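Raw contents of upload.txt, compact mmCIF, C-alpha atoms and all ligand atoms:
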```
# COMPACT_ATOMS: atom_id res chain seq x y z
CA MET A 22 33.17 -3.87 -23.18
CA THR A 23 32.19 -1.64 -20.29
CA VAL A 24 28.72 -1.17 -18.83
CA LEU A 25 27.40 2.27 -17.91
CA VAL A 26 25.06 2.18 -14.90
CA THR A 27 23.05 5.39 -14.49
CA GLY A 28 21.80 5.88 -10.94
CA GLY A 29 24.50 3.48 -9.79
CA ALA A 30 24.80 5.23 -6.42
CA GLY A 31 21.17 4.46 -5.62
CA TYR A 32 19.48 1.45 -4.07
CA ILE A 33 19.06 -0.91 -7.04
CA GLY A 34 21.86 0.62 -9.13
CA SER A 35 24.45 0.03 -6.40
CA HIS A 36 23.46 -3.66 -6.24
CA MET A 37 23.74 -3.86 -10.02
CA THR A 38 27.21 -2.35 -9.91
CA TYR A 39 28.39 -4.93 -7.35
CA ALA A 40 26.88 -7.77 -9.39
CA LEU A 41 28.77 -6.62 -12.50
CA LEU A 42 32.03 -6.15 -10.57
CA ASP A 43 31.57 -9.60 -8.99
CA ARG A 44 31.66 -11.19 -12.40
CA GLY A 45 34.65 -9.17 -13.48
CA GLU A 46 32.93 -6.65 -15.75
CA PRO A 47 34.30 -3.14 -16.07
CA VAL A 48 31.63 -0.67 -14.88
CA VAL A 49 31.19 3.08 -14.92
CA VAL A 50 28.54 4.69 -12.72
CA LEU A 51 26.91 7.97 -13.69
CA ASP A 52 24.93 9.52 -10.85
CA ASN A 53 24.07 13.13 -9.95
CA LEU A 54 23.93 12.16 -6.24
CA SER A 55 20.53 13.81 -5.84
CA THR A 56 19.37 10.78 -3.86
CA GLY A 57 22.27 8.36 -4.35
CA ARG A 58 25.36 8.07 -2.19
CA ARG A 59 28.91 7.95 -3.46
CA ALA A 60 29.84 5.48 -0.70
CA LEU A 61 27.46 2.86 -2.12
CA VAL A 62 29.34 2.64 -5.41
CA GLY A 63 31.43 -0.51 -5.37
CA GLU A 64 35.18 -0.17 -5.29
CA GLY A 65 36.60 -0.76 -8.74
CA ALA A 66 33.77 0.95 -10.59
CA GLY A 67 34.48 4.20 -12.39
CA PHE A 68 32.40 7.08 -11.08
CA VAL A 69 31.21 10.20 -12.91
CA GLU A 70 29.13 12.73 -11.01
CA GLY A 71 26.59 14.14 -13.41
CA ASP A 72 23.20 13.89 -14.99
CA ALA A 73 22.11 11.13 -17.32
CA GLY A 74 20.34 13.81 -19.37
CA ASP A 75 23.52 15.83 -19.93
CA GLN A 76 24.19 14.79 -23.53
CA PRO A 77 27.70 16.21 -24.00
CA LEU A 78 28.79 14.54 -20.76
CA VAL A 79 27.11 11.22 -21.57
CA ARG A 80 28.53 11.14 -25.08
CA ARG A 81 32.02 11.75 -23.69
CA VAL A 82 31.59 8.97 -21.09
CA LEU A 83 30.29 6.53 -23.71
CA ARG A 84 33.27 7.27 -25.97
CA ASP A 85 36.03 7.55 -23.36
CA HIS A 86 35.11 4.31 -21.58
CA GLY A 87 34.22 2.20 -24.60
CA ILE A 88 30.70 1.58 -23.28
CA ASP A 89 28.80 -1.20 -25.06
CA ALA A 90 25.70 -1.35 -22.83
CA VAL A 91 23.73 1.06 -20.67
CA ILE A 92 21.60 0.07 -17.67
CA HIS A 93 19.40 3.04 -16.87
CA PHE A 94 18.20 3.30 -13.25
CA ALA A 95 18.47 7.06 -12.73
CA GLY A 96 15.08 8.64 -12.14
CA SER A 97 12.49 9.65 -9.58
CA ILE A 98 10.38 6.89 -8.02
CA VAL A 99 8.00 8.10 -5.30
CA VAL A 100 4.37 7.88 -6.39
CA PRO A 101 2.78 10.51 -4.06
CA GLU A 102 5.61 12.96 -4.82
CA SER A 103 4.92 12.54 -8.54
CA VAL A 104 1.30 13.62 -7.96
CA GLU A 105 2.53 16.87 -6.38
CA GLN A 106 5.40 17.51 -8.81
CA PRO A 107 4.42 15.92 -12.13
CA LEU A 108 6.61 18.14 -14.30
CA ARG A 109 9.66 17.20 -12.29
CA TYR A 110 8.82 13.53 -12.90
CA TYR A 111 8.35 14.04 -16.62
CA ALA A 112 11.67 15.92 -16.77
CA ASN A 113 13.66 13.42 -14.68
CA ASN A 114 12.14 10.28 -16.13
CA VAL A 115 11.03 11.07 -19.69
CA GLY A 116 13.24 14.04 -20.60
CA THR A 117 16.40 12.50 -19.17
CA SER A 118 15.72 9.14 -20.81
CA ARG A 119 15.12 10.79 -24.18
CA ALA A 120 18.45 12.63 -24.02
CA LEU A 121 20.26 9.48 -22.86
CA VAL A 122 18.77 7.30 -25.59
CA GLU A 123 19.70 9.84 -28.24
CA ALA A 124 23.27 9.98 -26.93
CA CYS A 125 23.45 6.16 -27.07
CA ILE A 126 22.18 6.05 -30.63
CA GLU A 127 24.59 8.77 -31.74
CA GLU A 128 27.52 6.93 -30.14
CA GLY A 129 26.49 3.55 -31.52
CA VAL A 130 25.56 1.94 -28.16
CA LYS A 131 22.81 -0.56 -28.94
CA ALA A 132 22.23 -2.52 -25.73
CA PHE A 133 20.00 -0.63 -23.29
CA ILE A 134 18.16 -1.88 -20.20
CA PHE A 135 15.41 0.25 -18.71
CA SER A 136 13.85 0.13 -15.21
CA SER A 137 10.11 0.23 -15.58
CA THR A 138 7.39 -0.58 -13.11
CA ALA A 139 4.48 -2.87 -12.32
CA THR A 140 2.36 0.24 -11.86
CA VAL A 141 2.00 0.74 -15.64
CA TYR A 142 -0.81 -1.86 -15.66
CA SER A 143 -4.48 -1.03 -15.37
CA VAL A 144 -5.98 -1.63 -11.93
CA ASP A 145 -8.63 -3.68 -13.78
CA ALA A 146 -6.07 -5.95 -15.48
CA THR A 147 -6.13 -9.68 -14.70
CA GLN A 148 -3.83 -10.77 -11.87
CA PRO A 149 -1.21 -12.18 -11.98
CA LEU A 150 -0.22 -9.61 -14.57
CA ALA A 151 1.17 -10.86 -17.88
CA GLU A 152 3.09 -8.31 -19.94
CA ASP A 153 0.31 -7.88 -22.50
CA GLU A 154 -2.36 -6.96 -19.96
CA PRO A 155 -3.88 -3.48 -20.49
CA LYS A 156 -1.81 -0.52 -19.40
CA GLU A 157 -3.47 2.37 -17.62
CA PRO A 158 -1.07 4.04 -15.21
CA ILE A 159 -2.74 6.13 -12.50
CA SER A 160 0.14 8.31 -11.28
CA PRO A 161 2.47 10.73 -13.08
CA TYR A 162 5.34 8.44 -11.98
CA ALA A 163 3.84 5.41 -13.68
CA ARG A 164 2.82 7.44 -16.75
CA SER A 165 6.38 8.77 -17.06
CA LYS A 166 7.62 5.16 -17.08
CA LEU A 167 5.10 4.03 -19.70
CA MET A 168 5.89 7.05 -21.88
CA THR A 169 9.54 6.06 -21.75
CA GLU A 170 8.65 2.48 -22.68
CA TRP A 171 6.80 3.80 -25.76
CA MET A 172 9.74 6.02 -26.67
CA LEU A 173 12.11 3.05 -26.47
CA GLU A 174 9.78 0.93 -28.58
CA ASP A 175 9.65 3.62 -31.29
CA ALA A 176 13.41 4.17 -31.13
CA ALA A 177 14.01 0.42 -31.52
CA ARG A 178 11.88 0.43 -34.67
CA ALA A 179 13.59 3.45 -36.19
CA TYR A 180 17.25 2.95 -35.30
CA ASP A 181 19.90 0.30 -34.76
CA PHE A 182 19.06 0.20 -31.05
CA ARG A 183 17.94 -2.71 -28.82
CA PRO A 184 16.28 -1.88 -25.53
CA MET A 185 15.04 -4.32 -22.93
CA VAL A 186 12.39 -3.11 -20.52
CA LEU A 187 12.13 -4.72 -17.09
CA ARG A 188 8.96 -4.02 -15.13
CA TYR A 189 9.86 -4.31 -11.46
CA PHE A 190 7.40 -5.42 -8.86
CA ASN A 191 8.19 -4.52 -5.22
CA VAL A 192 11.93 -4.61 -4.76
CA ALA A 193 13.18 -5.17 -1.21
CA GLY A 194 16.06 -6.65 0.77
CA ALA A 195 19.76 -5.91 0.60
CA ASP A 196 23.01 -7.30 -0.76
CA THR A 197 23.62 -10.81 0.56
CA GLN A 198 27.20 -9.77 1.48
CA GLY A 199 26.00 -6.65 3.31
CA ARG A 200 27.80 -4.20 1.02
CA THR A 201 24.82 -2.03 0.08
CA GLY A 202 21.11 -1.60 0.73
CA GLN A 203 18.22 0.85 0.74
CA SER A 204 19.72 3.97 2.30
CA THR A 205 17.28 6.82 1.68
CA PRO A 206 16.37 8.15 5.15
CA LYS A 207 12.89 9.22 4.01
CA ALA A 208 12.14 5.99 2.14
CA THR A 209 8.48 5.03 1.96
CA HIS A 210 8.78 1.30 1.13
CA LEU A 211 6.89 -1.07 3.40
CA ILE A 212 9.78 -3.39 4.27
CA LYS A 213 12.16 -0.48 4.82
CA ARG A 214 9.66 1.22 7.14
CA ALA A 215 9.04 -2.08 8.97
CA CYS A 216 12.82 -2.36 9.56
CA GLN A 217 12.94 1.17 10.97
CA VAL A 218 10.09 0.27 13.34
CA ALA A 219 11.72 -3.04 14.31
CA LEU A 220 14.88 -1.15 15.30
CA GLY A 221 12.91 1.41 17.32
CA ARG A 222 13.87 4.25 14.99
CA VAL A 223 10.23 4.92 14.09
CA PRO A 224 7.52 4.39 16.74
CA HIS A 225 5.02 2.38 14.69
CA LEU A 226 4.22 1.12 11.21
CA ASP A 227 1.19 2.58 9.46
CA ILE A 228 -0.93 0.04 7.63
CA PHE A 229 -2.26 2.14 4.78
CA GLY A 230 -5.77 0.87 4.09
CA THR A 231 -7.53 -2.06 5.74
CA ASP A 232 -10.67 -1.94 3.57
CA TYR A 233 -9.32 -3.22 0.24
CA SER A 234 -11.19 -6.10 -1.32
CA THR A 235 -8.37 -8.50 -0.46
CA PRO A 236 -8.62 -11.46 1.97
CA ASP A 237 -7.35 -9.48 4.99
CA GLY A 238 -8.30 -6.00 3.69
CA THR A 239 -4.72 -4.77 3.16
CA GLY A 240 -2.80 -4.13 -0.07
CA ILE A 241 -1.12 -7.03 -1.83
CA ARG A 242 2.29 -6.80 -3.56
CA ASP A 243 4.81 -9.15 -5.12
CA TYR A 244 7.96 -8.49 -3.04
CA ILE A 245 11.17 -9.50 -4.80
CA HIS A 246 14.71 -9.69 -3.44
CA VAL A 247 16.95 -7.07 -5.02
CA THR A 248 19.57 -9.78 -5.71
CA ASP A 249 17.08 -11.71 -7.88
CA LEU A 250 16.12 -8.50 -9.65
CA VAL A 251 19.74 -7.72 -10.43
CA ALA A 252 20.24 -11.28 -11.71
CA ALA A 253 17.46 -10.59 -14.23
CA HIS A 254 19.46 -7.60 -15.50
CA LEU A 255 22.57 -9.74 -15.96
CA LEU A 256 20.57 -12.19 -18.06
CA ALA A 257 19.06 -9.33 -20.07
CA LEU A 258 22.54 -7.91 -20.64
CA ASP A 259 23.91 -11.26 -21.78
CA GLY A 260 20.91 -11.67 -24.08
CA LEU A 261 21.39 -8.26 -25.66
CA ARG A 262 25.10 -8.85 -26.17
CA ALA A 263 24.24 -12.15 -27.86
CA GLY A 264 21.94 -10.27 -30.23
CA ALA A 265 18.51 -10.68 -28.57
CA ALA A 266 15.67 -8.58 -29.97
CA PRO A 267 14.04 -5.80 -27.91
CA ALA A 268 11.66 -7.21 -25.31
CA THR A 269 9.69 -6.35 -22.18
CA TYR A 270 9.65 -8.55 -19.07
CA ASN A 271 7.97 -8.53 -15.69
CA VAL A 272 10.33 -9.17 -12.82
CA GLY A 273 8.45 -10.52 -9.81
CA TYR A 274 7.88 -13.91 -8.23
CA GLY A 275 4.19 -14.32 -8.99
CA ARG A 276 3.50 -14.37 -5.26
CA GLY A 277 1.23 -11.83 -3.57
CA LEU A 278 1.75 -10.90 0.08
CA SER A 279 -0.51 -8.57 2.04
CA VAL A 280 0.76 -5.81 4.32
CA ARG A 281 -0.35 -7.88 7.31
CA GLU A 282 1.58 -10.92 6.00
CA VAL A 283 4.70 -8.78 5.74
CA VAL A 284 4.15 -7.54 9.29
CA ARG A 285 3.85 -11.16 10.48
CA GLY A 286 7.00 -12.01 8.50
CA MET A 287 8.88 -9.23 10.32
CA GLU A 288 7.51 -10.41 13.67
CA ALA A 289 8.77 -13.92 12.96
CA VAL A 290 12.25 -12.57 12.19
CA ILE A 291 12.51 -10.35 15.30
CA GLY A 292 10.58 -12.66 17.62
CA ARG A 293 8.18 -10.05 18.97
CA GLU A 294 5.19 -7.97 17.97
CA LEU A 295 5.67 -5.00 15.65
CA PRO A 296 3.77 -1.86 16.73
CA VAL A 297 1.29 -1.03 13.95
CA LYS A 298 -1.45 1.54 13.43
CA GLU A 299 -4.30 1.06 11.00
CA SER A 300 -4.46 4.18 8.83
CA ALA A 301 -6.32 5.48 5.79
CA ARG A 302 -5.43 4.33 2.27
CA ARG A 303 -2.50 6.13 0.66
CA PRO A 304 -3.53 8.10 -2.46
CA GLY A 305 -2.62 6.39 -5.73
CA ASP A 306 -2.08 2.91 -4.22
CA PRO A 307 -3.53 0.07 -6.31
CA PRO A 308 -5.01 -2.78 -4.23
CA VAL A 309 -3.12 -5.72 -5.80
CA LEU A 310 0.02 -6.07 -7.96
CA ILE A 311 1.21 -9.61 -8.69
CA SER A 312 3.51 -10.56 -11.52
CA ASP A 313 3.18 -13.37 -14.01
CA PRO A 314 6.91 -14.04 -14.53
CA ALA A 315 6.49 -16.80 -17.13
CA ARG A 316 7.96 -14.79 -20.01
CA ILE A 317 11.29 -13.94 -18.38
CA LYS A 318 11.68 -17.49 -17.06
CA VAL A 319 11.23 -18.99 -20.50
CA ALA A 320 13.07 -16.38 -22.58
CA LEU A 321 16.00 -15.61 -20.29
CA GLY A 322 16.03 -18.62 -17.98
CA TRP A 323 15.57 -16.40 -14.91
CA GLN A 324 14.93 -18.26 -11.64
CA PRO A 325 14.23 -16.78 -8.20
CA ARG A 326 16.91 -17.76 -5.66
CA HIS A 327 16.17 -15.55 -2.65
CA ALA A 328 12.37 -15.60 -2.52
CA GLU A 329 11.92 -16.55 1.14
CA LEU A 330 10.26 -13.59 2.84
CA SER A 331 12.42 -14.21 5.92
CA GLU A 332 15.58 -13.82 3.80
CA ILE A 333 14.30 -10.60 2.20
CA ILE A 334 13.40 -9.13 5.58
CA SER A 335 16.55 -10.30 7.39
CA SER A 336 18.87 -8.83 4.77
CA ALA A 337 16.99 -5.50 4.83
CA LEU A 338 17.09 -5.45 8.62
CA GLU A 339 20.79 -6.23 8.69
CA TRP A 340 21.50 -3.32 6.35
CA GLU A 341 19.25 -0.97 8.30
CA ARG A 342 21.14 -1.84 11.48
CA ARG A 343 24.49 -0.99 9.84
CA LEU A 344 23.18 2.29 8.45
CA ASN A 345 23.14 4.21 11.71
CA ASP A 346 25.68 2.18 13.64
C1 LIG B 1 6.79 0.36 -5.10
C2 LIG B 1 7.82 1.31 -5.67
C3 LIG B 1 7.43 1.78 -7.03
C4 LIG B 1 7.21 0.55 -7.92
C5 LIG B 1 6.15 -0.34 -7.28
C6 LIG B 1 5.97 -1.61 -8.10
C7 LIG B 1 9.11 2.96 -4.42
C8 LIG B 1 9.11 4.19 -3.59
N1 LIG B 1 7.95 2.49 -4.80
O1 LIG B 1 5.59 1.07 -4.85
O2 LIG B 1 8.45 2.58 -7.57
O3 LIG B 1 6.81 0.98 -9.16
O4 LIG B 1 6.57 -0.72 -5.98
O5 LIG B 1 4.95 -2.40 -7.57
O6 LIG B 1 10.14 2.40 -4.74
N2 LIG B 1 2.42 0.33 2.97
C9 LIG B 1 1.94 0.41 4.28
N3 LIG B 1 2.69 1.12 5.18
C10 LIG B 1 3.87 1.73 4.87
C11 LIG B 1 4.36 1.63 3.53
C12 LIG B 1 3.60 0.92 2.61
O7 LIG B 1 0.87 -0.12 4.61
O8 LIG B 1 4.50 2.36 5.74
C13 LIG B 1 1.65 -0.48 1.98
C14 LIG B 1 1.22 0.29 0.76
O9 LIG B 1 -0.05 0.90 0.95
C15 LIG B 1 1.19 -0.84 -0.30
C16 LIG B 1 2.34 -1.76 0.14
O10 LIG B 1 2.54 -1.48 1.53
O11 LIG B 1 -0.01 -1.58 -0.19
C17 LIG B 1 3.64 -1.50 -0.62
O12 LIG B 1 3.97 -0.11 -0.56
P1 LIG B 1 5.44 0.43 -0.95
O13 LIG B 1 6.47 -0.44 -0.33
O14 LIG B 1 5.47 1.89 -0.64
O15 LIG B 1 5.54 0.18 -2.51
P2 LIG B 1 4.56 0.61 -3.73
O16 LIG B 1 3.77 1.83 -3.40
O17 LIG B 1 3.82 -0.63 -4.14
```
Give the structure from the file, written as structure tokens.
Amino acid sequence: MTVLVTGGAGYIGSHMTYALLDRGEPVVVLDNLSTGRRALVGEGAGFVEGDAGDQPLVRRVLRDHGIDAVIHFAGSIVVPESVEQPLRYYANNVGTSRALVEACIEEGVKAFIFSSTATVYSVDATQPLAEDEPKEPISPYARSKLMTEWMLEDAARAYDFRPMVLRYFNVAGADTQGRTGQSTPKATHLIKRACQVALGRVPHLDIFGTDYSTPDGTGIRDYIHVTDLVAAHLLALDGLRAGAAPATYNVGYGRGLSVREVVRGMEAVIGRELPVKESARRPGDPPVLISDPARIKVALGWQPRHAELSEIISSALEWERRLND
């Protein structure tokens, strides 16, 4: 029983790979290294350089390694980029997933975990967001994720195939043992950028939008430690192996933090003021995204263990420091 992790050389995928290795599971990573880094793949994991949409390659990997479950992280994730290059997003996220799912079905791999996003929900949906709230994605990125969710749902109805969809809220932080972390130099995430500013590698942090209808005027997100996110995948994997039916779960804490609260959190960690600049809203940014995590807690027994903002920020900062040392 070996797990295939697509995108396993990337930020979340590399944490997943370590978590599987830590509990003694054989793992194979498939990554085309377009944004991932070979060095982030944990020692002991098999590595295949290639595309998750390359069916002959995937079928060979599934067969040769006796894969029983696939965790599919590979894809493109930057919202503004998706607005400029929608067809690339549909190819990388929808086209690749379609080819991968077909390969799994043809090779008899039933357990499949898919990385989806909190941005599939309508901006008018009720917060905190339960899974059944209306979906109305506003970017090509989010639409590509929802299209893939629909495809998985249809495939689960038609074939002997059991996908679980995890809708991530804002993933941040780094491995608690310091083995991997967010390594994309041009990353746009708030906490990553705040770390770069804290270390003097970027002169200031832009606060994108101070006129939202939120208590302090800045955007609110549900920031979740990558280690807790990965733990949700392990539970989903165990559930699927034990025969669980296809399901969709939010993965967030149910706690909203504004950009200014994150800035204050960083200031508390570093013990000084963070240089910030109030800037215009970023196109495509919803004002508030907060998870209702009740379903995953009840169904899979998931519990947050690293929710302190100071822990999320400190681990991210520690990794950022190592990156250029
Ligand atoms: C992130 C993920 C997206 C995921 C979503 C789920 C990436 C690149 N984005 O998007 O894939 O679907 O969470 O909720 O992984 N901000 C600033 N200054 C900055 C950067 C950000 O003020 O320098 C603000 C943004 O306007 C937003 C908040 O911080 O209000 C979070 O932004 P960001 O970390 O980029 O994540 P999302 O856009 O929410």
Have a look at CA of Gln324 (chain A) and CA of Leu211 (chain A) and let me know their distance in Å, one decimal. 24.2 Å
Residues of chain A that have any atom at most 6 Å from an atom of ligand LIG 1 (chain B): could you tabulate them with the shortest-distance atom pair and the distance in Å to one decimal, using all atoms listed in the file, ordered by chain and increasing number, as a Markdown table?
```
| residue | atom | partner | partner_atom | distance |
| --- | --- | --- | --- | --- |
| A:Ile98 | CA | B:LIG1 | O2 | 4.7 |
| A:Val99 | CA | B:LIG1 | C8 | 4.4 |
| A:Thr138 | CA | B:LIG1 | O3 | 4.3 |
| A:Ala139 | CA | B:LIG1 | C6 | 4.6 |
| A:Thr140 | CA | B:LIG1 | O3 | 5.3 |
| A:Tyr189 | CA | B:LIG1 | C6 | 5.8 |
| A:Phe190 | CA | B:LIG1 | O5 | 4.1 |
| A:Asn191 | CA | B:LIG1 | O4 | 4.2 |
| A:Thr209 | CA | B:LIG1 | O14 | 5.1 |
| A:His210 | CA | B:LIG1 | O13 | 3.2 |
| A:Leu211 | CA | B:LIG1 | C11 | 3.7 |
| A:Arg214 | CA | B:LIG1 | O8 | 5.5 |
| A:Leu226 | CA | B:LIG1 | O8 | 5.6 |
| A:Asp227 | CA | B:LIG1 | N3 | 4.8 |
| A:Ile228 | CA | B:LIG1 | O7 | 3.5 |
| A:Phe229 | CA | B:LIG1 | O7 | 3.9 |
| A:Gly240 | CA | B:LIG1 | O11 | 3.8 |
| A:Ile241 | CA | B:LIG1 | O11 | 5.8 |
| A:Val280 | CA | B:LIG1 | O10 | 5.4 |
| A:Arg303 | CA | B:LIG1 | O9 | 5.8 |
| A:Asp306 | CA | B:LIG1 | O9 | 5.9 |
```
Find the residues around Arg316 (chain A) up to 9 Å (all atoms listed in the file counted), leave out those fewer than 3 positions away in its own chain, and share them as a count of residues only. 9
Nearest-residue call for Leu61 (chain A), choices A:Ala289, A:Ala195, A:Cys125, A:Ala179, using only C-alpha atoms: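 Looking only at the distances to Leu61 (chain A), the closest residue turns out to be A:Ala195.
The residue that comes closest to Gly277 (chain A), out of A:Thr239, A:Thr231, A:Ser160, A:Ser300 and on the basis of only C-alpha atoms, is A:Thr239.
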